[in-house]
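Asker: See coords.cif below, with mmCIF, C-alpha atoms.
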```
data_target
loop_
_atom_site.group_PDB
_atom_site.id
_atom_site.type_symbol
_atom_site.label_atom_id
_atom_site.label_comp_id
_atom_site.auth_asym_id
_atom_site.auth_seq_id
_atom_site.Cartn_x
_atom_site.Cartn_y
_atom_site.Cartn_z
ATOM 1 C CA MET A 6 0.000 0.000 0.000
ATOM 2 C CA PRO A 7 1.420 3.414 -0.902
ATOM 3 C CA GLN A 8 2.262 5.888 1.810
ATOM 4 C CA LEU A 9 -0.567 8.334 2.583
ATOM 5 C CA ARG A 10 -0.151 11.959 3.611
ATOM 6 C CA VAL A 11 -2.514 12.405 6.550
ATOM 7 C CA LEU A 12 -3.223 15.604 8.449
ATOM 8 C CA ILE A 13 -4.821 15.148 11.876
ATOM 9 C CA VAL A 14 -6.331 18.111 13.703
ATOM 10 C CA GLY A 15 -6.541 17.407 17.419
ATOM 11 C CA ALA A 16 -3.677 16.003 19.494
ATOM 12 C CA GLY A 17 -5.788 14.596 22.287
ATOM 13 C CA LYS A 18 -5.668 10.921 23.149
ATOM 14 C CA LEU A 19 -7.540 9.872 19.987
ATOM 15 C CA GLY A 20 -5.469 12.070 17.674
ATOM 16 C CA ARG A 21 -2.177 10.919 19.167
ATOM 17 C CA GLN A 22 -3.118 7.236 19.063
ATOM 18 C CA THR A 23 -4.323 7.537 15.478
ATOM 19 C CA ALA A 24 -1.131 9.328 14.487
ATOM 20 C CA LYS A 25 1.005 6.580 16.064
ATOM 21 C CA LEU A 26 -0.921 3.828 14.278
ATOM 22 C CA LEU A 27 -0.704 5.585 10.917
ATOM 23 C CA ILE A 28 3.010 6.341 11.313
ATOM 24 C CA ASN A 29 3.717 2.731 12.327
ATOM 25 C CA ALA A 30 1.902 1.647 9.151
ATOM 26 C CA GLY A 31 4.335 3.762 7.114
ATOM 27 C CA ASN A 32 2.239 6.850 6.463
ATOM 28 C CA HIS A 33 3.351 10.477 6.634
ATOM 29 C CA VAL A 34 1.396 12.231 9.405
ATOM 30 C CA ILE A 35 1.147 15.880 10.408
ATOM 31 C CA LEU A 36 -0.548 16.602 13.736
ATOM 32 C CA VAL A 37 -2.078 20.026 14.467
ATOM 33 C CA ASP A 38 -3.199 21.285 17.862
ATOM 34 C CA LYS A 39 -3.534 24.537 19.820
ATOM 35 C CA ASP A 40 -1.775 22.967 22.800
ATOM 36 C CA PRO A 41 2.010 22.780 22.345
ATOM 37 C CA ALA A 42 2.257 20.398 25.332
ATOM 38 C CA ALA A 43 0.080 17.793 23.587
ATOM 39 C CA LEU A 44 2.278 18.043 20.513
ATOM 40 C CA HIS A 45 5.460 17.860 22.556
ATOM 41 C CA GLU A 46 4.505 14.341 23.708
ATOM 42 C CA MET A 47 4.665 13.281 20.045
ATOM 43 C CA LYS A 48 7.886 15.106 19.101
ATOM 44 C CA ASP A 49 10.001 11.935 18.993
ATOM 45 C CA ILE A 50 7.547 10.226 16.670
ATOM 46 C CA LEU A 51 6.492 13.198 14.526
ATOM 47 C CA GLY A 52 9.720 15.149 14.248
ATOM 48 C CA ASP A 53 8.758 18.242 12.285
ATOM 49 C CA GLY A 54 5.268 16.841 11.726
ATOM 50 C CA ALA A 55 3.821 18.771 14.657
ATOM 51 C CA VAL A 56 2.187 22.129 13.976
ATOM 52 C CA SER A 57 1.028 24.320 16.831
ATOM 53 C CA GLY A 58 -2.042 26.419 16.072
ATOM 54 C CA ASP A 59 -5.803 26.475 15.654
ATOM 55 C CA GLY A 60 -6.790 23.906 13.024
ATOM 56 C CA CYS A 61 -9.904 25.962 12.273
ATOM 57 C CA GLU A 62 -7.674 28.667 10.787
ATOM 58 C CA PRO A 63 -6.874 28.244 7.071
ATOM 59 C CA THR A 64 -3.394 29.739 7.531
ATOM 60 C CA VAL A 65 -2.539 27.095 10.156
ATOM 61 C CA LEU A 66 -3.796 24.338 7.864
ATOM 62 C CA GLU A 67 -1.691 25.742 5.019
ATOM 63 C CA LYS A 68 1.366 25.830 7.286
ATOM 64 C CA ALA A 69 0.683 22.171 8.111
ATOM 65 C CA GLY A 70 0.664 21.269 4.423
ATOM 66 C CA ILE A 71 -3.012 20.546 3.911
ATOM 67 C CA GLY A 72 -2.540 21.158 0.188
ATOM 68 C CA GLN A 73 -0.600 17.882 -0.048
ATOM 69 C CA ALA A 74 -2.831 15.872 2.308
ATOM 70 C CA GLN A 75 -4.727 12.921 0.908
ATOM 71 C CA VAL A 76 -6.699 12.488 4.113
ATOM 72 C CA VAL A 77 -7.721 14.928 6.836
ATOM 73 C CA ILE A 78 -8.934 13.627 10.181
ATOM 74 C CA ALA A 79 -10.792 16.127 12.365
ATOM 75 C CA ALA A 80 -10.316 14.570 15.808
ATOM 76 C CA THR A 81 -10.794 17.393 18.294
ATOM 77 C CA GLY A 82 -13.023 17.150 21.328
ATOM 78 C CA HIS A 83 -15.409 19.757 19.874
ATOM 79 C CA ASP A 84 -17.972 18.928 17.205
ATOM 80 C CA GLU A 85 -18.133 22.500 15.923
ATOM 81 C CA ASP A 86 -14.355 22.551 15.377
ATOM 82 C CA ASN A 87 -14.444 19.197 13.601
ATOM 83 C CA LEU A 88 -17.138 20.477 11.256
ATOM 84 C CA VAL A 89 -15.147 23.630 10.480
ATOM 85 C CA VAL A 90 -12.016 21.579 9.772
ATOM 86 C CA ALA A 91 -14.003 19.229 7.526
ATOM 87 C CA GLU A 92 -15.579 22.051 5.531
ATOM 88 C CA LEU A 93 -12.262 23.853 5.099
ATOM 89 C CA ALA A 94 -10.516 20.644 4.058
ATOM 90 C CA ARG A 95 -13.129 19.834 1.435
ATOM 91 C CA ARG A 96 -14.268 23.214 0.149
ATOM 92 C CA ILE A 97 -11.146 25.365 0.395
ATOM 93 C CA PHE A 98 -8.339 22.825 0.073
ATOM 94 C CA ASP A 99 -10.082 20.086 -1.946
ATOM 95 C CA VAL A 100 -8.762 17.236 0.210
ATOM 96 C CA PRO A 101 -9.907 13.921 -1.320
ATOM 97 C CA ARG A 102 -10.906 12.190 1.943
ATOM 98 C CA VAL A 103 -12.225 13.774 5.151
ATOM 99 C CA ILE A 104 -12.926 11.873 8.354
ATOM 100 C CA ALA A 105 -14.485 13.574 11.374
ATOM 101 C CA ARG A 106 -15.022 12.636 14.984
ATOM 102 C CA VAL A 107 -18.500 13.174 16.447
ATOM 103 C CA ASN A 108 -18.242 13.788 20.183
ATOM 104 C CA ARG A 109 -21.917 14.116 20.958
ATOM 105 C CA PRO A 110 -24.018 11.387 19.297
ATOM 106 C CA GLU A 111 -26.979 13.761 18.947
ATOM 107 C CA ASN A 112 -24.854 15.768 16.481
ATOM 108 C CA GLU A 113 -24.225 12.862 14.098
ATOM 109 C CA TRP A 114 -26.842 14.158 11.656
ATOM 110 C CA LEU A 115 -24.666 17.241 11.026
ATOM 111 C CA PHE A 116 -21.661 15.272 9.772
ATOM 112 C CA THR A 117 -22.654 14.784 6.137
ATOM 113 C CA PRO A 118 -20.963 14.908 2.731
ATOM 114 C CA GLN A 119 -22.672 18.262 2.194
ATOM 115 C CA ARG A 120 -20.617 19.541 5.122
ATOM 116 C CA GLY A 121 -17.424 18.017 3.757
ATOM 117 C CA VAL A 122 -17.419 14.798 5.801
ATOM 118 C CA ASP A 123 -16.877 11.487 4.010
ATOM 119 C CA VAL A 124 -16.778 9.362 7.154
ATOM 120 C CA ALA A 125 -18.079 10.380 10.568
ATOM 121 C CA PHE A 126 -17.432 8.322 13.666
ATOM 122 C CA SER A 127 -18.661 8.638 17.201
ATOM 123 C CA PRO A 128 -16.586 6.771 19.800
ATOM 124 C CA ALA A 129 -19.614 6.629 22.118
ATOM 125 C CA THR A 130 -21.846 5.185 19.404
ATOM 126 C CA LEU A 131 -19.195 2.647 18.359
ATOM 127 C CA VAL A 132 -18.827 1.369 21.919
ATOM 128 C CA ALA A 133 -22.605 1.210 22.385
ATOM 129 C CA LYS A 134 -22.953 -0.829 19.172
ATOM 130 C CA MET A 135 -20.219 -3.220 20.265
ATOM 131 C CA VAL A 136 -21.904 -3.776 23.632
ATOM 132 C CA GLU A 137 -25.254 -4.259 21.895
ATOM 133 C CA GLU A 138 -23.744 -6.934 19.612
ATOM 134 C CA VAL A 139 -22.252 -8.791 22.567
ATOM 135 C CA VAL A 140 -25.583 -8.719 24.407
ATOM 136 C CA ASP A 141 -27.527 -9.771 21.289
ATOM 137 C CA ARG A 142 -25.218 -12.762 20.775
ATOM 138 C CA GLY A 143 -25.532 -13.732 24.394
ATOM 139 C CA ALA A 144 -21.773 -13.883 24.635
ATOM 140 C CA SER A 145 -19.970 -12.818 27.719
ATOM 141 C CA PRO A 146 -17.173 -10.297 27.228
ATOM 142 C CA SER A 147 -13.748 -11.677 28.025
#
```
Represent the structure from my file as structure tokens, please.
Answerer:
Amino acid sequence: MPQLRVLIVGAGKLGRQTAKLLINAGNHVILVDKDPAALHEMKDILGDGAVSGDGCEPTVLEKAGIGQAQVVIAATGHDEDNLVVAELARRIFDVPRVIARVNRPENEWLFTPQRGVDVAFSPATLVAKMVEEVVDRGASPS
């Protein structure tokens, strides 16, 4: 599989873990966050692939190299920020693939292709579905 250029906005736990997995799979990852301390934790792994700034600002995204990104992942803890990142990525920078985190399941309906989102995921909804499947199968979690 060819190396992907992935830009992740949000260096919280989810963003950092995703970045590590993608880097370990051989992809080029840039991580953007307002909090320099969150980025500092990843310095050894990212090298110069850490950009400090507000990912909702087009100039910060340009500095991070969004023009070369094949995938943008909006992984902040704020749905409104993830929507802004998704719309900028798709409409301004024409990124081919946009993935966005949904923090509050009641907001899932907002994360649509019309808003620039190709794939939306809600950690809470994913866990609930997994639990539901285990219960439906009658299996006990191990």
Asker: Translate the PyMOL selection byres ((chain A and resi 12) around 9) into a concrete residue list for this structure, as a list in words.
Answerer: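 Selected by the PyMOL selection byres ((chain A and resi 12) around 9) in this file: Arg10, Val11, Ile13, Val14, Ala24, His33, Val34, Ile35, Leu36, Val37, Leu66, Ala69, Gly70, Ile71, Ala74, Gln75, Val76, Val77, Ile78 and Ala79 of chain A.
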Asker: At what distance in Å, to one decimal, does atom CA of Thr81 of chain A lie from atom CA of Arg106 of chain A?
Answerer: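 A separation of 7.2 Å between them.
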Asker: Just want the 12 Å neighbourhood of Ala91 of chain A, counted on all atoms listed in the file, with same-chain residues fewer than 4 positions away dropped. Output as an NGL selection string.
Answerer: :A and (12-14 or 60-63 or 66 or 71 or 76-81 or 84-87 or 95-107 or 115-125)
Asker: Output the selection as a PDB file, keeping the file's coordinate frame - C-alpha atoms for each residue.
Answerer:
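Full text of selection_8.pdb as output:
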```pdb
ATOM      1  CA  LEU A  12      -3.223  15.604   8.449  1.00  0.00           C
ATOM      2  CA  ILE A  13      -4.821  15.148  11.876  1.00  0.00           C
ATOM      3  CA  VAL A  14      -6.331  18.111  13.703  1.00  0.00           C
ATOM      4  CA  GLY A  60      -6.790  23.906  13.024  1.00  0.00           C
ATOM      5  CA  CYS A  61      -9.904  25.962  12.273  1.00  0.00           C
ATOM      6  CA  GLU A  62      -7.674  28.667  10.787  1.00  0.00           C
ATOM      7  CA  PRO A  63      -6.874  28.244   7.071  1.00  0.00           C
ATOM      8  CA  LEU A  66      -3.796  24.338   7.864  1.00  0.00           C
ATOM      9  CA  ILE A  71      -3.012  20.546   3.911  1.00  0.00           C
ATOM     10  CA  VAL A  76      -6.699  12.488   4.113  1.00  0.00           C
ATOM     11  CA  VAL A  77      -7.721  14.928   6.836  1.00  0.00           C
ATOM     12  CA  ILE A  78      -8.934  13.627  10.181  1.00  0.00           C
ATOM     13  CA  ALA A  79     -10.792  16.127  12.365  1.00  0.00           C
ATOM     14  CA  ALA A  80     -10.316  14.570  15.808  1.00  0.00           C
ATOM     15  CA  THR A  81     -10.794  17.393  18.294  1.00  0.00           C
ATOM     16  CA  ASP A  84     -17.972  18.928  17.205  1.00  0.00           C
ATOM     17  CA  GLU A  85     -18.133  22.500  15.923  1.00  0.00           C
ATOM     18  CA  ASP A  86     -14.355  22.551  15.377  1.00  0.00           C
ATOM     19  CA  ASN A  87     -14.444  19.197  13.601  1.00  0.00           C
ATOM     20  CA  ARG A  95     -13.129  19.834   1.435  1.00  0.00           C
ATOM     21  CA  ARG A  96     -14.268  23.214   0.149  1.00  0.00           C
ATOM     22  CA  ILE A  97     -11.146  25.365   0.395  1.00  0.00           C
ATOM     23  CA  PHE A  98      -8.339  22.825   0.073  1.00  0.00           C
ATOM     24  CA  ASP A  99     -10.082  20.086  -1.946  1.00  0.00           C
ATOM     25  CA  VAL A 100      -8.762  17.236   0.210  1.00  0.00           C
ATOM     26  CA  PRO A 101      -9.907  13.921  -1.320  1.00  0.00           C
ATOM     27  CA  ARG A 102     -10.906  12.190   1.943  1.00  0.00           C
ATOM     28  CA  VAL A 103     -12.225  13.774   5.151  1.00  0.00           C
ATOM     29  CA  ILE A 104     -12.926  11.873   8.354  1.00  0.00           C
ATOM     30  CA  ALA A 105     -14.485  13.574  11.374  1.00  0.00           C
ATOM     31  CA  ARG A 106     -15.022  12.636  14.984  1.00  0.00           C
ATOM     32  CA  VAL A 107     -18.500  13.174  16.447  1.00  0.00           C
ATOM     33  CA  LEU A 115     -24.666  17.241  11.026  1.00  0.00           C
ATOM     34  CA  PHE A 116     -21.661  15.272   9.772  1.00  0.00           C
ATOM     35  CA  THR A 117     -22.654  14.784   6.137  1.00  0.00           C
ATOM     36  CA  PRO A 118     -20.963  14.908   2.731  1.00  0.00           C
ATOM     37  CA  GLN A 119     -22.672  18.262   2.194  1.00  0.00           C
ATOM     38  CA  ARG A 120     -20.617  19.541   5.122  1.00  0.00           C
ATOM     39  CA  GLY A 121     -17.424  18.017   3.757  1.00  0.00           C
ATOM     40  CA  VAL A 122     -17.419  14.798   5.801  1.00  0.00           C
ATOM     41  CA  ASP A 123     -16.877  11.487   4.010  1.00  0.00           C
ATOM     42  CA  VAL A 124     -16.778   9.362   7.154  1.00  0.00           C
ATOM     43  CA  ALA A 125     -18.079  10.380  10.568  1.00  0.00           C
TER      44      ALA A 125
END
```
Asker: Running the PyMOL selection byres ((chain A and resi 22) around 12) on this model by hand, what would come out? Give it as a list in words.
Answerer: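 What the PyMOL selection byres ((chain A and resi 22) around 12) grabs from the file is Ile13, Gly15, Ala16, Gly17, Lys18, Leu19, Gly20, Arg21, Thr23, Ala24, Lys25, Leu26, Leu27, Ile28, Asn29, Val34, Leu36, Ala43, Glu46, Met47, Ile50 and Ala80 of chain A.
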Asker: Counting all atoms listed in the file, which of A:Gly82, A:Gly72, A:Val140, A:Val90 gets nearest to Pro128 of chain A?
Answerer: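 Smallest separation from Pro128 of chain A among the options: A:Gly82.
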Asker: Rounded to one decimal in Å, what is the spacing between atom CA of Leu88 of chain A and atom CA of Asn108 of chain A?
Answerer: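 Here the two named atoms are 11.2 Å from each other.
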Asker: Between A:Leu93, A:Leu9, A:Lys68, A:Leu44, which is the closest to Ala30 of chain A once you count all atoms listed in the file?
Answerer: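 Closest to Ala30 of chain A of all the choices is A:Leu9.
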Asker: What separation in Å, quoted to one decimal, exists between atom CA of Glu92 of chain A and atom CA of Met135 of chain A?
Answerer: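 Going from atom CA of Glu92 of chain A over to atom CA of Met135 of chain A covers 29.6 Å.
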Asker: Which is closest to Val56 of chain A among A:Glu113, A:Val136, A:Gln73, A:Asp38, if we use only C-alpha atoms?
Answerer: A:Asp38
